[in-house]
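Peer 1: The structure's right below; bear with me while I get my questions together.
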Amino acid sequence: MQKYLIRISTLLAFLFIFSCTFKNEADLTTIEGMNAVLKENPKDTAALFARAKFFLGQNKPDSAIIDLQQLVAVDSTKSDYYMLMGDVYLTTNRTRYTRQALERAVKLNPNNVEAHMKLAELYLYVEMRQEALNEINLALRLDQKFPKAYYLKGMIYKEIGDTSLAFSSFMTTIEQDPRNGAAYEQLGLLLAERGDKKAVDYYQNALRINPQNSLTRYNLGIFYQEQGAFEAAMEVYKELVTIDPNYSDAYYNMGYIIYTQNKSIEKALEFFQKASITNPGYAEAFYMRGLCQEELGKKEIAIADYKESARLNSKFDLPKNALNRLGVSL
């Protein structure tokens, strides 16, 4: 009987310890739990790391930094801690501290591919392109099938004007990750610059992956418009404003196509008005509104639109020229 009671008491003690451990783990999923753990042990690294990530997600970088500084004071050997510190500093544009943190992360763990990539992104952000390429190449030595590395390489080559290497890098990206819509879009942009009709295929592939990407759809419309495929461009712009009713450039471009190709002044005016409503700072839209109003014989309204256009952009000469033509000063 006594042995039986000892076993029971031992089991209860084990269950109590287990439940406390489980409770502490569960606590790290909520800010209340993190605070409770840290109240008992201010140096609990798991809780400090979890709370720093929480604060970053809540856009409270200063609070996150306090926890991270406490964290590395307790344990300065973890690469992941410095990676998170780099993320936090970057949100406040403290790039020097971001660099220091990420360089420390790489030093602590030279095999940390993500740390190399974060450092490469930072170097690209501050226009240190060769340093960015060096970090990318280090990452690729560790993982030759890392799509993000090839994509970032493509962006660097694109920035320095080497479109051939940029194209090759983006192609490698989609070979490694066929669902990388951003790479398809970049390939579309590069081909569009050459006037190559294959750009359409890449834009459409990007849209199949992310149908809600307004910029990709707009770029497709621009390509059609520049190629003189005005009906196709109009269809793309119509789809775009259905998805994104506030995309002012799409309204403007539809108005411009109608104005220049169909010569339907009143219909074009409707689109220019929509462009200026969705973007009240759109100087070009107000100018085109004025041009339409002038052609419709509504001189006073035209003058008001020209003046607004000139007010919105003092370097925009067309509304000033229009006012001079009408004998009106600003």
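The way I read the labels, and the way they are meant: chains A, B, ... in the order of the structure tokens, residue 1 as the first residue of every chain, and ligand 1 as the first ligand shown, with later ones counted on from there.
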Could you name the residues that touch A:Ser314 at 12 Å or less, counting only C-alpha atoms, but leaving out those on the same chain fewer than 6 positions away, as a short mmCIF file (atom, residue, chain, number, x, y, z; two decimals) with C-alpha atoms, in the first residue's frame?
Peer 2:
```cif
data_model
loop_
_atom_site.label_atom_id
_atom_site.label_comp_id
_atom_site.auth_asym_id
_atom_site.auth_seq_id
_atom_site.Cartn_x
_atom_site.Cartn_y
_atom_site.Cartn_z
CA ALA A 283 -1.95 66.77 -63.07
CA GLU A 284 -2.00 65.04 -66.47
CA TYR A 306 -5.78 73.77 -66.82
CA LYS A 307 -5.17 75.92 -63.75
CA GLU A 308 -5.59 72.93 -61.45
CA LYS A 320 0.59 76.66 -69.01
CA LEU A 330 -2.03 81.72 -63.80
#
```
Peer 1: Near A:Asp143, within 12 Å and counting only C-alpha atoms, which residues show up once chain neighbours fewer than 3 positions away are dropped, as a VMD selection string?
Peer 2: chain A and resid 111 to 114 116 to 117 136 to 140 146 to 150 176
Peer 1: Could you give me, as a PyMOL selection string, the residues within 12 Å of A:Pro211, counting only C-alpha atoms and dropping anything in the same chain fewer than 5 positions from it?
Peer 2: chain A and resi 181+203-206+216-218+239-240+243-244
Peer 1: May I ask for the distance between atom CA of A:Leu190 and atom CA of A:Tyr202, given in Å to one decimal place?
Peer 2: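 Atom-to-atom, atom CA of A:Leu190 to atom CA of A:Tyr202, that is 10.1 Å.
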Peer 1: Measuring atom to atom with only C-alpha atoms, identify which of A:Ala73, A:Leu207, A:Ile65, A:Ala275 is nearest to A:Pro42.
Peer 2: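 When distances to A:Pro42 are compared using only C-alpha atoms, the smallest one comes from A:Ala73.
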Peer 1: Fewer than 5 positions away in the same chain doesn't count, so skip those; otherwise give me all residues within 7 Å of A:Ala47, counting only C-alpha atoms, as a PyMOL selection string.
Peer 2: chain A and resi 28+34+37-38
Peer 1: Under the rule that only C-alpha atoms are counted, which of A:Asp196, A:Glu127, A:Asp27, A:Asp87 is the nearest residue to A:Ala52?
Peer 2: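 Closest to A:Ala52 of all the choices is A:Asp87.
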Peer 1: Have a look at A:Ala50, A:Met155, A:Val241, A:Leu215 and name the one nearest to A:Thr278; count only C-alpha atoms.
Peer 2: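 Of all the options, A:Val241 lies closest to A:Thr278.
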Peer 1: Name the residues in contact with A:Gly290 at a cut-off of 6 Å, using only C-alpha atoms, excluding same-chain residues fewer than 4 positions from it; report them as a list in words.
Peer 2: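 Counting only C-alpha atoms, the residues come to Glu294, Ala302, Asp305 and Tyr306 of chain A.
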Peer 1: With DSSP run on the backbone, what are the helix (DSSP H, G or I) residues within stretch 128-299 of chain A? I'd like them as a PyMOL selection string.
Peer 2: chain A and resi 129-142+147-159+163-176+181-193+199-209+214-226+230-243+248-262+265-278+283-295+299
Peer 1: Need the shell around A:Asn109: protein/DNA/RNA residues with any atom at most 9 Å away, counting only C-alpha atoms. Skip same-chain ones fewer than 4 positions apart. Format as a PyMOL selection string?
Peer 2: chain A and resi 78-79+104-105+115
Peer 1: List the spatial neighbours of A:Tyr184 as a compact mmCIF listing (two decimals) with C-alpha atoms, in the first residue's frame - criterion: any atom at most 12 Å away, only C-alpha atoms, same-chain residues fewer than 4 positions off excluded.
Peer 2:
```
# COMPACT_ATOMS: atom_id res chain seq x y z
CA TYR A 151 15.87 36.55 -58.59
CA GLY A 154 18.47 39.36 -61.84
CA PHE A 167 17.15 37.69 -68.27
CA SER A 168 19.25 34.59 -67.62
CA SER A 169 18.92 35.00 -63.85
CA PHE A 170 15.14 35.42 -63.99
CA MET A 171 14.87 32.37 -66.24
CA THR A 172 16.86 30.34 -63.70
CA THR A 173 14.52 31.63 -60.99
CA ILE A 174 11.44 30.18 -62.69
CA GLU A 175 13.30 26.96 -63.47
CA ASP A 177 10.44 27.95 -58.78
CA PRO A 178 7.80 27.77 -61.54
CA ARG A 179 5.36 29.64 -59.25
CA ASN A 180 7.52 32.73 -58.95
CA GLY A 188 7.88 40.36 -69.34
CA LEU A 189 9.29 43.81 -68.60
CA LEU A 190 12.66 42.97 -70.19
CA LEU A 191 11.00 41.61 -73.31
CA LYS A 198 6.66 37.16 -76.08
CA ALA A 199 6.34 39.64 -73.22
CA VAL A 200 2.61 38.93 -73.29
CA ASP A 201 3.19 35.25 -72.45
CA TYR A 202 5.29 36.10 -69.41
CA TYR A 203 2.84 38.71 -68.15
CA GLN A 204 0.00 36.22 -68.54
CA ASN A 205 1.96 33.54 -66.68
CA ALA A 206 2.53 36.02 -63.87
CA LEU A 207 -1.20 36.78 -63.80
CA ARG A 208 -2.11 33.10 -63.69
CA ILE A 209 0.00 32.83 -60.55
CA ASN A 210 -1.33 36.07 -59.04
CA THR A 216 1.38 43.22 -63.82
```
Peer 1: Measuring between only C-alpha atoms, which one of A:Tyr81, A:Phe316, A:Phe271, A:Tyr157 shows the shortest distance to A:Lys238?
Peer 2: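 The shortest atom-to-atom distance to A:Lys238 comes from A:Phe271.
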